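Engineer: This is the content of model_29.pdb (PDB, C-alpha atoms, pLDDT in the B column):
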```pdb
ATOM      1  CA  MET A  25     -60.606 -56.447  -9.535  1.00 85.00           C
ATOM      2  CA  ALA A  26     -59.634 -57.472  -6.002  1.00 87.00           C
ATOM      3  CA  PHE A  27     -57.783 -60.536  -7.236  1.00 91.00           C
ATOM      4  CA  LYS A  28     -55.757 -58.458  -9.701  1.00 94.00           C
ATOM      5  CA  GLN A  29     -54.790 -55.953  -6.990  1.00 94.00           C
ATOM      6  CA  MET A  30     -53.662 -58.723  -4.649  1.00 94.00           C
ATOM      7  CA  GLU A  31     -51.705 -60.321  -7.493  1.00 95.00           C
ATOM      8  CA  LEU A  32     -49.852 -57.048  -8.148  1.00 96.00           C
ATOM      9  CA  ILE A  33     -49.072 -56.665  -4.443  1.00 95.00           C
ATOM     10  CA  GLU A  34     -47.704 -60.219  -4.427  1.00 96.00           C
ATOM     11  CA  LYS A  35     -45.473 -59.405  -7.424  1.00 96.00           C
ATOM     12  CA  PHE A  36     -44.089 -56.394  -5.531  1.00 96.00           C
ATOM     13  CA  ILE A  37     -43.384 -58.571  -2.483  1.00 96.00           C
ATOM     14  CA  ASN A  38     -41.591 -61.162  -4.638  1.00 96.00           C
ATOM     15  CA  PHE A  39     -39.487 -58.401  -6.211  1.00 96.00           C
ATOM     16  CA  CYS A  40     -38.510 -57.149  -2.742  1.00 95.00           C
ATOM     17  CA  LYS A  41     -37.402 -60.649  -1.758  1.00 95.00           C
ATOM     18  CA  GLU A  42     -35.393 -61.066  -4.982  1.00 94.00           C
ATOM     19  CA  PHE A  43     -33.827 -57.645  -4.357  1.00 93.00           C
ATOM     20  CA  GLU A  44     -32.604 -58.984  -0.967  1.00 91.00           C
ATOM     21  CA  VAL A  45     -34.836 -56.897   1.292  1.00 93.00           C
ATOM     22  CA  PRO A  46     -34.659 -58.615   4.720  1.00 93.00           C
ATOM     23  CA  GLU A  47     -37.556 -61.010   5.307  1.00 93.00           C
ATOM     24  CA  SER A  48     -38.393 -59.316   8.616  1.00 93.00           C
ATOM     25  CA  GLU A  49     -39.023 -56.032   6.791  1.00 94.00           C
ATOM     26  CA  VAL A  50     -41.290 -57.418   4.030  1.00 95.00           C
ATOM     27  CA  PHE A  51     -45.042 -57.075   4.549  1.00 95.00           C
ATOM     28  CA  ALA A  52     -47.774 -59.598   3.793  1.00 94.00           C
ATOM     29  CA  THR A  53     -50.267 -59.097   0.959  1.00 93.00           C
ATOM     30  CA  CYS A  54     -53.181 -58.590   3.352  1.00 92.00           C
ATOM     31  CA  ASP A  55     -51.242 -55.882   5.247  1.00 92.00           C
ATOM     32  CA  LEU A  56     -51.539 -53.552   2.273  1.00 93.00           C
ATOM     33  CA  TYR A  57     -54.767 -54.776   0.666  1.00 93.00           C
ATOM     34  CA  GLU A  58     -56.780 -54.641   3.911  1.00 93.00           C
ATOM     35  CA  LYS A  59     -54.834 -51.614   5.229  1.00 92.00           C
ATOM     36  CA  GLU A  60     -54.159 -53.431   8.497  1.00 92.00           C
ATOM     37  CA  ASN A  61     -50.428 -53.048   9.076  1.00 91.00           C
ATOM     38  CA  MET A  62     -49.382 -49.936   7.207  1.00 94.00           C
ATOM     39  CA  CYS A  63     -46.315 -49.472   9.431  1.00 94.00           C
ATOM     40  CA  GLN A  64     -44.888 -52.709   8.030  1.00 95.00           C
ATOM     41  CA  VAL A  65     -45.679 -51.552   4.476  1.00 95.00           C
ATOM     42  CA  VAL A  66     -43.789 -48.283   5.068  1.00 95.00           C
ATOM     43  CA  THR A  67     -40.895 -50.209   6.644  1.00 94.00           C
ATOM     44  CA  CYS A  68     -40.684 -52.401   3.533  1.00 95.00           C
ATOM     45  CA  ILE A  69     -40.663 -49.399   1.193  1.00 94.00           C
ATOM     46  CA  GLN A  70     -37.937 -47.695   3.252  1.00 93.00           C
ATOM     47  CA  SER A  71     -35.885 -50.889   3.286  1.00 93.00           C
ATOM     48  CA  LEU A  72     -36.274 -51.212  -0.485  1.00 94.00           C
ATOM     49  CA  GLY A  73     -35.035 -47.619  -0.874  1.00 92.00           C
ATOM     50  CA  ARG A  74     -31.951 -48.339   1.253  1.00 91.00           C
ATOM     51  CA  LYS A  75     -31.245 -51.545  -0.638  1.00 92.00           C
ATOM     52  CA  ALA A  76     -31.599 -49.777  -4.004  1.00 91.00           C
ATOM     53  CA  LYS A  77     -29.181 -47.079  -2.864  1.00 90.00           C
ATOM     54  CA  SER A  78     -26.629 -49.690  -1.763  1.00 87.00           C
ATOM     55  CA  LYS A  79     -26.844 -51.419  -5.169  1.00 88.00           C
ATOM     56  CA  GLY A  80     -26.139 -48.231  -7.106  1.00 87.00           C
ATOM     57  CA  PHE A  81     -29.694 -47.283  -8.030  1.00 90.00           C
ATOM     58  CA  GLU A  82     -31.400 -44.071  -7.046  1.00 88.00           C
ATOM     59  CA  GLY A  83     -32.804 -44.665  -3.585  1.00 82.00           C
ATOM     60  CA  PHE A  84     -33.619 -42.803  -0.428  1.00 84.00           C
ATOM     61  CA  GLY A  85     -32.948 -43.090   3.264  1.00 81.00           C
ATOM     62  CA  PRO A  86     -29.768 -43.642   5.219  1.00 83.00           C
ATOM     63  CA  LYS A  87     -26.859 -45.587   3.793  1.00 81.00           C
ATOM     64  CA  GLU A  88     -27.063 -49.296   4.506  1.00 81.00           C
ATOM     65  CA  SER A  89     -24.393 -50.387   6.949  1.00 80.00           C
ATOM     66  CA  LYS A  90     -21.714 -52.939   6.190  1.00 81.00           C
ATOM     67  CA  ALA A  91     -19.905 -55.355   8.471  1.00 85.00           C
ATOM     68  CA  ASN A  92     -17.355 -53.792  10.799  1.00 88.00           C
ATOM     69  CA  LEU A  93     -15.329 -56.755  12.015  1.00 90.00           C
ATOM     70  CA  ARG A  94     -12.718 -56.009  14.641  1.00 91.00           C
ATOM     71  CA  GLN A  95      -9.589 -57.972  15.383  1.00 93.00           C
ATOM     72  CA  PHE A  96      -8.308 -57.754  18.948  1.00 92.00           C
ATOM     73  CA  THR A  97      -4.931 -58.935  20.159  1.00 93.00           C
ATOM     74  CA  GLU A  98      -4.641 -61.292  23.141  1.00 93.00           C
ATOM     75  CA  GLU A  99      -3.243 -58.385  25.156  1.00 92.00           C
ATOM     76  CA  GLN A 100      -6.325 -56.256  24.444  1.00 90.00           C
ATOM     77  CA  LEU A 101      -8.660 -59.114  25.341  1.00 89.00           C
ATOM     78  CA  LYS A 102      -6.877 -59.707  28.673  1.00 89.00           C
ATOM     79  CA  ALA A 103      -7.003 -55.977  29.467  1.00 86.00           C
ATOM     80  CA  GLY A 104     -10.752 -56.022  28.903  1.00 82.00           C
ATOM     81  CA  GLN A 105     -11.250 -58.936  31.306  1.00 83.00           C
ATOM     82  CA  SER A 106      -9.774 -56.960  34.204  1.00 77.00           C
ATOM     83  CA  GLU A 107     -12.141 -54.013  33.656  1.00 72.00           C
ATOM     84  CA  ILE A 108     -15.219 -53.986  35.893  1.00 67.00           C
ATOM     85  CA  SER A 109     -18.277 -53.428  33.772  1.00 67.00           C
ATOM     86  CA  LEU A 110     -20.879 -50.877  34.824  1.00 63.00           C
ATOM     87  CA  GLN A 111     -23.394 -53.714  34.686  1.00 62.00           C
ATOM     88  CA  TYR A 112     -21.798 -55.260  37.781  1.00 64.00           C
ATOM     89  CA  GLY A 113     -22.828 -52.446  40.094  1.00 62.00           C
ATOM     90  CA  SER A 114     -20.006 -49.922  39.834  1.00 59.00           C
ATOM     91  CA  ASN A 115     -21.325 -46.491  39.000  1.00 61.00           C
ATOM     92  CA  LYS A 116     -17.963 -44.698  39.298  1.00 63.00           C
ATOM     93  CA  GLY A 117     -19.300 -42.070  41.698  1.00 65.00           C
ATOM     94  CA  ALA A 118     -22.455 -41.225  39.770  1.00 67.00           C
ATOM     95  CA  SER A 119     -25.589 -40.612  41.777  1.00 69.00           C
ATOM     96  CA  GLN A 120     -29.101 -39.321  41.316  1.00 69.00           C
ATOM     97  CA  ALA A 121     -28.682 -36.591  43.895  1.00 69.00           C
ATOM     98  CA  GLY A 122     -30.346 -33.361  42.855  1.00 66.00           C
ATOM     99  CA  GLN A 123     -32.540 -34.865  40.185  1.00 69.00           C
ATOM    100  CA  ASN A 124     -36.091 -33.586  40.259  1.00 68.00           C
ATOM    101  CA  PHE A 125     -38.611 -34.702  37.663  1.00 70.00           C
ATOM    102  CA  GLY A 126     -42.026 -33.089  37.735  1.00 68.00           C
ATOM    103  CA  LYS A 127     -44.102 -32.464  40.809  1.00 68.00           C
ATOM    104  CA  SER A 128     -43.021 -33.907  44.144  1.00 66.00           C
ATOM    105  CA  ARG A 129     -45.261 -36.418  45.887  1.00 65.00           C
ATOM    106  CA  GLY A 130     -46.949 -34.011  48.232  1.00 64.00           C
ATOM    107  CA  ILE A 131     -50.307 -35.015  49.695  1.00 64.00           C
ATOM    108  CA  ILE A 132     -51.832 -31.565  49.413  1.00 66.00           C
ATOM    109  CA  ASP A 133     -51.985 -29.843  46.035  1.00 61.00           C
ATOM    110  CA  THR A 134     -51.217 -26.182  46.717  1.00 65.00           C
ATOM    111  CA  LYS A 135     -52.170 -24.993  43.205  1.00 67.00           C
ATOM    112  CA  SER A 136     -55.939 -25.381  43.800  1.00 58.00           C
TER     113      SER A 136
END
```
Would you mind writing the structure in this file as structure tokens?
Structural biologist:
Amino acid sequence: MAFKQMELIEKFINFCKEFEVPESEVFATCDLYEKENMCQVVTCIQSLGRKAKSKGFEGFGPKESKANLRQFTEEQLKAGQSEISLQYGSNKGASQAGQNFGKSRGIIDTKS
């Protein structure tokens, strides 16, 4: 019985691969059979639903995204090179003044 169950799981995995589900989202046979990595199994089923929806079948989940290639002119590329990125230390006047998260670091707990 165990061999037959694992064989059916393997057939499902092969179908997912033929249906172009990304390899990183397909689970291994032992993940389902031994109930070890159920998150990966759920990820595979969700990915299969998205892929089915994108191929015109009835599926579920969000719409699968498509490529969004952008073409920039030389002028736009040069304008972007003169912009200072926020990763280089400019915070454009932003500060953390006034932020208070949780209890302050007092030594004595006054709520006792």
Engineer: Hey, can you check how far CA of Asn92 in chain A sits from CA of Val66 in chain A?
Structural biologist: 27.6 Å
Engineer: List the neighbours of Glu82 in chain A out to 12 Å using only C-alpha atoms; skip same-chain residues closer than 6 positions along the sequence, and give me the result as a list in words.
Structural biologist: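 Here the qualifying residues turn out to be Leu72, Gly73, Arg74, Lys75 and Ala76 of chain A.
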Engineer: Skip range 39-51 of chain A itself and residues of its chain fewer than 3 positions away, then list as a ChimeraX atom specification all residues within 8 Å of it, counting only C-alpha atoms.
Structural biologist: /A:35-36,55-56,64-65,67-68,71-72,75
Engineer: Since we have the selection now, will you write its residues out, keeping C-alpha atoms, as an mmCIF file, in the coordinates of the input?
Structural biologist:
```
data_model
loop_
_atom_site.group_PDB
_atom_site.id
_atom_site.type_symbol
_atom_site.label_atom_id
_atom_site.label_comp_id
_atom_site.auth_asym_id
_atom_site.auth_seq_id
_atom_site.Cartn_x
_atom_site.Cartn_y
_atom_site.Cartn_z
ATOM 1 C CA LYS A 35 -45.473 -59.405 -7.424
ATOM 2 C CA PHE A 36 -44.089 -56.394 -5.531
ATOM 3 C CA ASP A 55 -51.242 -55.882 5.247
ATOM 4 C CA LEU A 56 -51.539 -53.552 2.273
ATOM 5 C CA GLN A 64 -44.888 -52.709 8.030
ATOM 6 C CA VAL A 65 -45.679 -51.552 4.476
ATOM 7 C CA THR A 67 -40.895 -50.209 6.644
ATOM 8 C CA CYS A 68 -40.684 -52.401 3.533
ATOM 9 C CA SER A 71 -35.885 -50.889 3.286
ATOM 10 C CA LEU A 72 -36.274 -51.212 -0.485
ATOM 11 C CA LYS A 75 -31.245 -51.545 -0.638
#
```
Engineer: Starting from 4 Å padding per side, set up an axis-aligned box that covers all listed atoms of range 69-80 of chain A and hand over centre and edge lengths in Å, one decimal, as AutoDock Vina command-line options.
Structural biologist:
```
--center_x -33.4 --center_y -49.3 --center_z -1.9 --size_x 22.5 --size_y 12.5 --size_z 18.4
```
Engineer: Just give me the gap between CA of Lys28 in chain A and CA of Ala52 in chain A in Å, one decimal is fine.
Structural biologist: 15.7 Å
Engineer: Can you measure CA of Tyr57 in chain A to CA of Ala26 in chain A for me? One decimal in Å is fine.
Structural biologist: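 Between CA of Tyr57 in chain A and CA of Ala26 in chain A the gap works out to 8.7 Å.
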Engineer: Since the input is missing atoms for range 85-96 of chain A, could you rebuild it with all heavy atoms and give the result as a PDB file, keeping the file's coordinate frame?
Structural biologist:
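Okay, this is what ended up in out.pdb:
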```
ATOM      1  N   GLY A  85     -33.185 -42.597   1.911  1.00 81.00           N
ATOM      2  CA  GLY A  85     -32.948 -43.090   3.264  1.00 81.00           C
ATOM      3  C   GLY A  85     -31.476 -43.144   3.590  1.00 81.00           C
ATOM      4  O   GLY A  85     -30.614 -42.825   2.757  1.00 81.00           O
ATOM      5  N   PRO A  86     -31.177 -43.579   4.797  1.00 83.00           N
ATOM      6  CA  PRO A  86     -29.768 -43.642   5.219  1.00 83.00           C
ATOM      7  C   PRO A  86     -29.013 -44.741   4.477  1.00 83.00           C
ATOM      8  O   PRO A  86     -29.606 -45.685   3.952  1.00 83.00           O
ATOM      9  CB  PRO A  86     -29.867 -43.963   6.714  1.00 83.00           C
ATOM     10  CG  PRO A  86     -31.189 -44.626   6.876  1.00 83.00           C
ATOM     11  CD  PRO A  86     -32.086 -44.011   5.851  1.00 83.00           C
ATOM     12  N   LYS A  87     -27.707 -44.603   4.455  1.00 81.00           N
ATOM     13  CA  LYS A  87     -26.859 -45.587   3.793  1.00 81.00           C
ATOM     14  C   LYS A  87     -26.918 -46.895   4.577  1.00 81.00           C
ATOM     15  O   LYS A  87     -26.882 -46.902   5.807  1.00 81.00           O
ATOM     16  CB  LYS A  87     -25.426 -45.054   3.754  1.00 81.00           C
ATOM     17  CG  LYS A  87     -24.440 -45.965   3.090  1.00 81.00           C
ATOM     18  CD  LYS A  87     -23.052 -45.354   3.116  1.00 81.00           C
ATOM     19  CE  LYS A  87     -22.043 -46.330   2.577  1.00 81.00           C
ATOM     20  NZ  LYS A  87     -20.681 -45.830   2.721  1.00 81.00           N
ATOM     21  N   GLU A  88     -27.022 -47.991   3.860  1.00 81.00           N
ATOM     22  CA  GLU A  88     -27.063 -49.296   4.506  1.00 81.00           C
ATOM     23  C   GLU A  88     -25.693 -49.628   5.076  1.00 81.00           C
ATOM     24  O   GLU A  88     -24.667 -49.441   4.415  1.00 81.00           O
ATOM     25  CB  GLU A  88     -27.492 -50.356   3.492  1.00 81.00           C
ATOM     26  CG  GLU A  88     -27.954 -51.628   4.119  1.00 81.00           C
ATOM     27  CD  GLU A  88     -28.631 -52.541   3.117  1.00 81.00           C
ATOM     28  OE1 GLU A  88     -28.098 -52.687   2.004  1.00 81.00           O
ATOM     29  OE2 GLU A  88     -29.690 -53.071   3.448  1.00 81.00           O
ATOM     30  N   SER A  89     -25.671 -50.115   6.297  1.00 80.00           N
ATOM     31  CA  SER A  89     -24.393 -50.387   6.949  1.00 80.00           C
ATOM     32  C   SER A  89     -23.769 -51.670   6.423  1.00 80.00           C
ATOM     33  O   SER A  89     -24.447 -52.553   5.906  1.00 80.00           O
ATOM     34  CB  SER A  89     -24.587 -50.496   8.462  1.00 80.00           C
ATOM     35  OG  SER A  89     -25.437 -51.571   8.762  1.00 80.00           O
ATOM     36  N   LYS A  90     -22.463 -51.755   6.582  1.00 81.00           N
ATOM     37  CA  LYS A  90     -21.714 -52.939   6.190  1.00 81.00           C
ATOM     38  C   LYS A  90     -21.047 -53.507   7.432  1.00 81.00           C
ATOM     39  O   LYS A  90     -20.958 -52.852   8.463  1.00 81.00           O
ATOM     40  CB  LYS A  90     -20.666 -52.581   5.135  1.00 81.00           C
ATOM     41  CG  LYS A  90     -21.284 -52.080   3.847  1.00 81.00           C
ATOM     42  CD  LYS A  90     -20.254 -51.813   2.804  1.00 81.00           C
ATOM     43  CE  LYS A  90     -20.976 -51.324   1.540  1.00 81.00           C
ATOM     44  NZ  LYS A  90     -20.076 -50.991   0.477  1.00 81.00           N
ATOM     45  N   ALA A  91     -20.551 -54.701   7.336  1.00 85.00           N
ATOM     46  CA  ALA A  91     -19.905 -55.355   8.471  1.00 85.00           C
ATOM     47  C   ALA A  91     -18.683 -54.552   8.923  1.00 85.00           C
ATOM     48  O   ALA A  91     -17.945 -54.005   8.106  1.00 85.00           O
ATOM     49  CB  ALA A  91     -19.490 -56.769   8.105  1.00 85.00           C
ATOM     50  N   ASN A  92     -18.497 -54.484  10.223  1.00 88.00           N
ATOM     51  CA  ASN A  92     -17.355 -53.792  10.799  1.00 88.00           C
ATOM     52  C   ASN A  92     -16.670 -54.753  11.765  1.00 88.00           C
ATOM     53  O   ASN A  92     -16.776 -54.624  12.975  1.00 88.00           O
ATOM     54  CB  ASN A  92     -17.810 -52.516  11.516  1.00 88.00           C
ATOM     55  CG  ASN A  92     -16.648 -51.668  11.980  1.00 88.00           C
ATOM     56  OD1 ASN A  92     -15.500 -51.942  11.646  1.00 88.00           O
ATOM     57  ND2 ASN A  92     -16.933 -50.656  12.773  1.00 88.00           N
ATOM     58  N   LEU A  93     -15.986 -55.752  11.194  1.00 90.00           N
ATOM     59  CA  LEU A  93     -15.329 -56.755  12.015  1.00 90.00           C
ATOM     60  C   LEU A  93     -14.079 -56.168  12.650  1.00 90.00           C
ATOM     61  O   LEU A  93     -13.319 -55.448  12.007  1.00 90.00           O
ATOM     62  CB  LEU A  93     -14.968 -57.972  11.164  1.00 90.00           C
ATOM     63  CG  LEU A  93     -16.144 -58.686  10.501  1.00 90.00           C
ATOM     64  CD1 LEU A  93     -15.642 -59.822   9.622  1.00 90.00           C
ATOM     65  CD2 LEU A  93     -17.098 -59.202  11.546  1.00 90.00           C
ATOM     66  N   ARG A  94     -13.879 -56.513  13.912  1.00 91.00           N
ATOM     67  CA  ARG A  94     -12.718 -56.009  14.641  1.00 91.00           C
ATOM     68  C   ARG A  94     -11.831 -57.181  15.044  1.00 91.00           C
ATOM     69  O   ARG A  94     -12.336 -58.225  15.438  1.00 91.00           O
ATOM     70  CB  ARG A  94     -13.182 -55.229  15.863  1.00 91.00           C
ATOM     71  CG  ARG A  94     -13.942 -53.983  15.483  1.00 91.00           C
ATOM     72  CD  ARG A  94     -14.465 -53.278  16.725  1.00 91.00           C
ATOM     73  NE  ARG A  94     -15.073 -52.027  16.394  1.00 91.00           N
ATOM     74  CZ  ARG A  94     -16.359 -51.855  16.133  1.00 91.00           C
ATOM     75  NH1 ARG A  94     -17.169 -52.886  16.141  1.00 91.00           N
ATOM     76  NH2 ARG A  94     -16.843 -50.673  15.854  1.00 91.00           N
ATOM     77  N   GLN A  95     -10.550 -56.958  14.985  1.00 93.00           N
ATOM     78  CA  GLN A  95      -9.589 -57.972  15.383  1.00 93.00           C
ATOM     79  C   GLN A  95      -8.842 -57.456  16.602  1.00 93.00           C
ATOM     80  O   GLN A  95      -8.172 -56.428  16.546  1.00 93.00           O
ATOM     81  CB  GLN A  95      -8.603 -58.256  14.237  1.00 93.00           C
ATOM     82  CG  GLN A  95      -9.246 -58.765  12.965  1.00 93.00           C
ATOM     83  CD  GLN A  95      -9.887 -60.117  13.163  1.00 93.00           C
ATOM     84  OE1 GLN A  95      -9.387 -60.958  13.909  1.00 93.00           O
ATOM     85  NE2 GLN A  95     -11.010 -60.336  12.489  1.00 93.00           N
ATOM     86  N   PHE A  96      -8.975 -58.158  17.717  1.00 92.00           N
ATOM     87  CA  PHE A  96      -8.308 -57.754  18.948  1.00 92.00           C
ATOM     88  C   PHE A  96      -7.133 -58.689  19.215  1.00 92.00           C
ATOM     89  O   PHE A  96      -7.205 -59.894  18.962  1.00 92.00           O
ATOM     90  CB  PHE A  96      -9.270 -57.814  20.137  1.00 92.00           C
ATOM     91  CG  PHE A  96     -10.405 -56.836  20.042  1.00 92.00           C
ATOM     92  CD1 PHE A  96     -11.674 -57.244  19.705  1.00 92.00           C
ATOM     93  CD2 PHE A  96     -10.185 -55.488  20.283  1.00 92.00           C
ATOM     94  CE1 PHE A  96     -12.717 -56.347  19.617  1.00 92.00           C
ATOM     95  CE2 PHE A  96     -11.223 -54.574  20.194  1.00 92.00           C
ATOM     96  CZ  PHE A  96     -12.488 -55.002  19.861  1.00 92.00           C
TER      97      PHE A  96
END
```
